[in-house]
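A short worksheet on the structure shown next.
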2 protein chains.
Amino acid sequence: MLSKKTKYGIKALVYLAKQEERIPVQISVISKSENISQKFLESILLTLRKNGILGSKKGKGGGYYLLKEPKDIPMTAVMRLLEGPIAMIPCVSLNFYEKCDDCPDENACAVNKLMLKVRDNTLKIFRNTTLADLSN
Amino acid sequence: MLSKKTKYGIKALVYLAKQEERIPVQISVISKSENISQKFLESILLTLRKNGILGSKKGKGGGYYLLKEPKDIPMTAVMRLLEGPIAMIPCVSLNFYEKCDDCPDENACAVNKLMLKVRDNTLKIFRNTTLADLSN
DNA sequence: GCATTATCCTAGTAAATCGATAGGAATTGA
DNA sequence: TCAATTCCTATCGATTTACTAGGATAATGC
C-alpha cells in the first residue's frame with residue numbers, strides 16, 4: 001500500500017513541475033491546492049530537499065522549487081526516497097536487499113521467484129516515468 | 001511490502017502443491033519444513049480453508065490439502081485473500097475500490113495515472129501465474 | 001534594526017496494523 | 001476412551017503511520 005507521505009509527495013512535486021517558472025512556492029499554497037495537511041506536507045518537502053530533489057528559500061518570498069527539470073526526475077528516485085523499497089519483499093530488492101530469516105535458498109523460493117517478476121515490471125515503469133510524464 | 005502472512009501462505013500452498021497425492025498434511029509438518037511459527041501458520045491456513053482454497057480434516061491423520069489442482073489456483077486469488085488489494089492505492093483497485101478524500105478528480109490525478117499502470121502490470125503477472133507455475 | 005514571513009528541526013502521540021501467542025473446544029481415528 | 005489434530009476467539013507487544021506542537025533559524029522589506 002502506498003503511504004500518504006508518498007502520495008502527497010508526488011502530488012506536490014507534480015504541482016511544482018507544472019509551474020511555469022522555477023520560483024519558490026510556499027508550502028501553504030501547495031497544501032491548500034492539493035488538500036494536504038500543511039504540517040505533514042512540510043515534513044515531506046523537507047526530506048525531498050534534504051535528498052537533492054527540491055531546493056528551498058527561507059523568509060518572505062520563500063518556498064520550495066525543483067532543482068532539476070521534471071524530465072530528469074525519474075519516479076524511481078521519488079519512490080525510493082519516500083516509500084522505500086520498490087520490491088514487495090527485501091530479498092528481491094536492489095537498493096534495500098535483505099535475506100529472509102526463514103529461507104535457506106533464495107533460488108528455490110517460490111515467493112522470491114514471483115516477487116522478482118513483479119519487481120522487474122514495476123521497476124521498469126518507475127524508471128521510464130519521469131515527473132514530466134506525470135505533469136502533462 | 002508483502003506481509004509475512006502472505007509470504008507464509010504462499011509457501012505453504014506451494015508445499016501442498018508439491019505433494020504427490022492430495023492427502024492431508026499436518027500444520028506441524030509444513031511449519032517445520034518452511035520455518036514458520038506453527039500457531040501463526042495455523043491461522044493462515046484457516047483463512048485459506050474458509051475461502052475455498054484448502055480443505056481440511058480434523059483428528060488423527062488430519063491436516064490440510066488443496067481443493068483444486070495447482071494450475072487452477074491463480075495468484076490473484078491468493079494475494080487478494082491474504083494480502084488484500086493488488087493495487088498500491090485504493091482509487092485504482094478493482095476489488096477494493098475507494099475514492100481518495102483529497103482528490104477532486106481521479107482522471108486528473110498523477111498518482112492515479114501512475115499507480116494504474118503499476119496495477120495493470122502486476123495484475124497481469126498474478127493472473128498469469130498459478131500455483132503450478134510456482135511449484136515447478 | 002526590527003517586524004514579518006517563511007522554512008528548519010526535534011519531539012511527541014493516537015490509532016492502526018503486524019506478527020505472533022494462549023488456551024481451550026470440537027472432531028476424528030484407533 | 002484417549003490421543004491427535006483442527007477450530008476458534010481473544011489478547012498482546014512492537015512497529016508504523018499520519019499527523020501535530022512548538023519553537024529555532026534565516027531572509028526580506030520597511
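Each chain of the C-alpha cells is named A, B, ... in the order shown, its residues numbered from 1; ligands are numbered from 1 in display order.
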Chain A residues near chain D within 9 Å, closest pair each, using only C-alpha atoms (C1' of nucleotides), as a Markdown table:
```
| residue | atom | partner | partner_atom | distance |
| --- | --- | --- | --- | --- |
| A:Ser3 | CA | D:DT17 | C1' | 8.0 |
| A:Lys4 | CA | D:DA18 | C1' | 7.7 |
| A:Lys5 | CA | D:DA18 | C1' | 8.2 |
| A:Ser37 | CA | D:DC19 | C1' | 8.2 |
| A:Lys39 | CA | D:DT20 | C1' | 7.5 |
| A:Phe40 | CA | D:DC19 | C1' | 6.3 |
| A:Lys57 | CA | D:DA27 | C1' | 8.1 |
| A:Lys58 | CA | D:DA27 | C1' | 5.7 |
| A:Gly59 | CA | D:DA27 | C1' | 4.4 |
| A:Lys60 | CA | D:DT28 | C1' | 5.4 |
| A:Gly61 | CA | D:DT28 | C1' | 7.7 |
| A:Gly62 | CA | D:DA27 | C1' | 8.1 |
```
May I have the selected residues written with N, CA and C atoms, as a PDB file, in the first residue's frame?
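Output contents, as saved in part-v4.pdb:
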```pdb
ATOM      1  N   SER A   3       1.948   4.800   0.898  1.00  0.00           N
ATOM      2  CA  SER A   3       1.681   5.661   2.048  1.00  0.00           C
ATOM      3  C   SER A   3       1.207   7.030   1.586  1.00  0.00           C
ATOM      4  N   LYS A   4       0.524   7.734   2.475  1.00  0.00           N
ATOM      5  CA  LYS A   4       0.063   9.089   2.156  1.00  0.00           C
ATOM      6  C   LYS A   4       1.267  10.006   1.951  1.00  0.00           C
ATOM      7  N   LYS A   5       2.296   9.727   2.678  1.00  0.00           N
ATOM      8  CA  LYS A   5       3.529  10.501   2.527  1.00  0.00           C
ATOM      9  C   LYS A   5       3.974  10.502   1.061  1.00  0.00           C
ATOM     10  N   SER A  37      -2.577  18.285   4.614  1.00  0.00           N
ATOM     11  CA  SER A  37      -2.243  18.928   5.880  1.00  0.00           C
ATOM     12  C   SER A  37      -0.901  19.646   5.757  1.00  0.00           C
ATOM     13  N   LYS A  39       1.327  20.899   7.899  1.00  0.00           N
ATOM     14  CA  LYS A  39       2.454  20.450   8.712  1.00  0.00           C
ATOM     15  C   LYS A  39       3.036  19.129   8.187  1.00  0.00           C
ATOM     16  N   PHE A  40       2.155  18.259   7.765  1.00  0.00           N
ATOM     17  CA  PHE A  40       2.600  16.975   7.233  1.00  0.00           C
ATOM     18  C   PHE A  40       3.377  17.207   5.934  1.00  0.00           C
ATOM     19  N   LYS A  57      13.962  28.191  -0.126  1.00  0.00           N
ATOM     20  CA  LYS A  57      14.387  29.531   0.257  1.00  0.00           C
ATOM     21  C   LYS A  57      13.575  29.940   1.463  1.00  0.00           C
ATOM     22  N   LYS A  58      14.244  30.509   2.456  1.00  0.00           N
ATOM     23  CA  LYS A  58      13.548  30.906   3.677  1.00  0.00           C
ATOM     24  C   LYS A  58      13.017  32.321   3.576  1.00  0.00           C
ATOM     25  N   GLY A  59      12.238  32.696   4.577  1.00  0.00           N
ATOM     26  CA  GLY A  59      11.768  34.071   4.696  1.00  0.00           C
ATOM     27  C   GLY A  59      10.744  34.474   3.653  1.00  0.00           C
ATOM     28  N   LYS A  60      10.449  35.732   3.653  1.00  0.00           N
ATOM     29  CA  LYS A  60       9.431  36.267   2.746  1.00  0.00           C
ATOM     30  C   LYS A  60       9.783  35.940   1.296  1.00  0.00           C
ATOM     31  N   GLY A  61       8.783  35.530   0.570  1.00  0.00           N
ATOM     32  CA  GLY A  61       9.024  35.145  -0.817  1.00  0.00           C
ATOM     33  C   GLY A  61       9.729  33.813  -0.936  1.00  0.00           C
ATOM     34  N   GLY A  62       9.806  33.111   0.188  1.00  0.00           N
ATOM     35  CA  GLY A  62      10.487  31.816   0.191  1.00  0.00           C
ATOM     36  C   GLY A  62       9.566  30.697  -0.241  1.00  0.00           C
TER      37      GLY A  62
END
```
With a cut-off of 6 Å and counting only C-alpha atoms, select all residues of chain A in contact with chain B and give the selection as a list in words.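 Here they are: Met1, Leu2, Asn35, Met88, Ile89, Asp102, Ala110, Val118, Thr122 and Leu134 of chain A.
Using only C-alpha atoms (C1' of nucleotides), the chain C residues found within 10 Å of chain B amount to C:DC18, C:DG19, C:DA20, C:DT21, C:DA22, C:DA26, C:DT27, C:DT28, C:DG29, C:DA30.
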Could you pull the residues within 7 Å of stretch 19-26 of chain B, counting only C-alpha atoms (C1' of nucleotides), minus those fewer than 6 positions along the same chain, as a ChimeraX atom specification? /B:56-57,62-66
Would you list, as a ChimeraX atom specification, the residues of chain B that end up in strand (DSSP E or B) under DSSP run on this structure's backbone? /B:25,54-57,63-66,74,130
File of the preceding selection, N, CA and C atoms, as a compact mmCIF listing (two decimals), in the first residue's frame:
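Once everything was written out, this is part17.txt:
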```txt
# COMPACT_ATOMS: atom_id res chain seq x y z
N VAL B 25 -2.05 -32.87 5.00
CA VAL B 25 -0.73 -32.64 5.59
C VAL B 25 -0.92 -31.81 6.85
N LEU B 54 -8.31 -24.27 0.47
CA LEU B 54 -7.89 -25.52 1.09
C LEU B 54 -9.08 -26.28 1.66
N GLY B 55 -8.91 -27.60 1.77
CA GLY B 55 -9.82 -28.41 2.55
C GLY B 55 -9.07 -28.88 3.78
N SER B 56 -9.80 -29.37 4.78
CA SER B 56 -9.12 -29.83 5.99
C SER B 56 -9.81 -31.06 6.55
N LYS B 57 -9.07 -31.72 7.40
CA LYS B 57 -9.63 -32.87 8.09
C LYS B 57 -9.13 -32.83 9.52
N GLY B 63 -5.33 -32.79 8.65
CA GLY B 63 -4.42 -31.80 8.09
C GLY B 63 -5.10 -31.00 7.01
N TYR B 64 -4.30 -30.37 6.18
CA TYR B 64 -4.83 -29.54 5.10
C TYR B 64 -4.42 -30.07 3.74
N TYR B 65 -5.27 -29.82 2.76
CA TYR B 65 -4.94 -30.24 1.39
C TYR B 65 -5.59 -29.27 0.39
N LEU B 66 -5.03 -29.24 -0.79
CA LEU B 66 -5.59 -28.35 -1.83
C LEU B 66 -6.93 -28.88 -2.30
N PRO B 74 -4.98 -19.33 -9.39
CA PRO B 74 -4.18 -18.18 -9.81
C PRO B 74 -3.72 -17.37 -8.59
N THR B 130 0.05 -19.35 -11.79
CA THR B 130 -0.74 -20.21 -10.91
C THR B 130 0.19 -20.91 -9.93
```
Can you list every residue in chain A that DSSP puts in helix (DSSP H, G or I), as JSON, numbers by chain? {"A": [4, 5, 6, 7, 8, 9, 10, 11, 12, 13, 14, 15, 16, 17, 18, 27, 28, 29, 30, 31, 32, 33, 34, 38, 39, 40, 41, 42, 43, 44, 45, 46, 47, 48, 49, 50, 70, 71, 72, 75, 76, 77, 78, 79, 80, 81, 82, 90, 91, 92, 106, 107, 108, 110, 111, 112, 113, 114, 115, 116, 117, 118, 119, 120, 121, 122, 123, 124, 125, 126, 127, 128, 131, 132, 133, 134]}
One decimal, Å: what's the distance from atom CA of B:Lys32 over to atom CA of A:Asp105, could you say? 15.5 Å
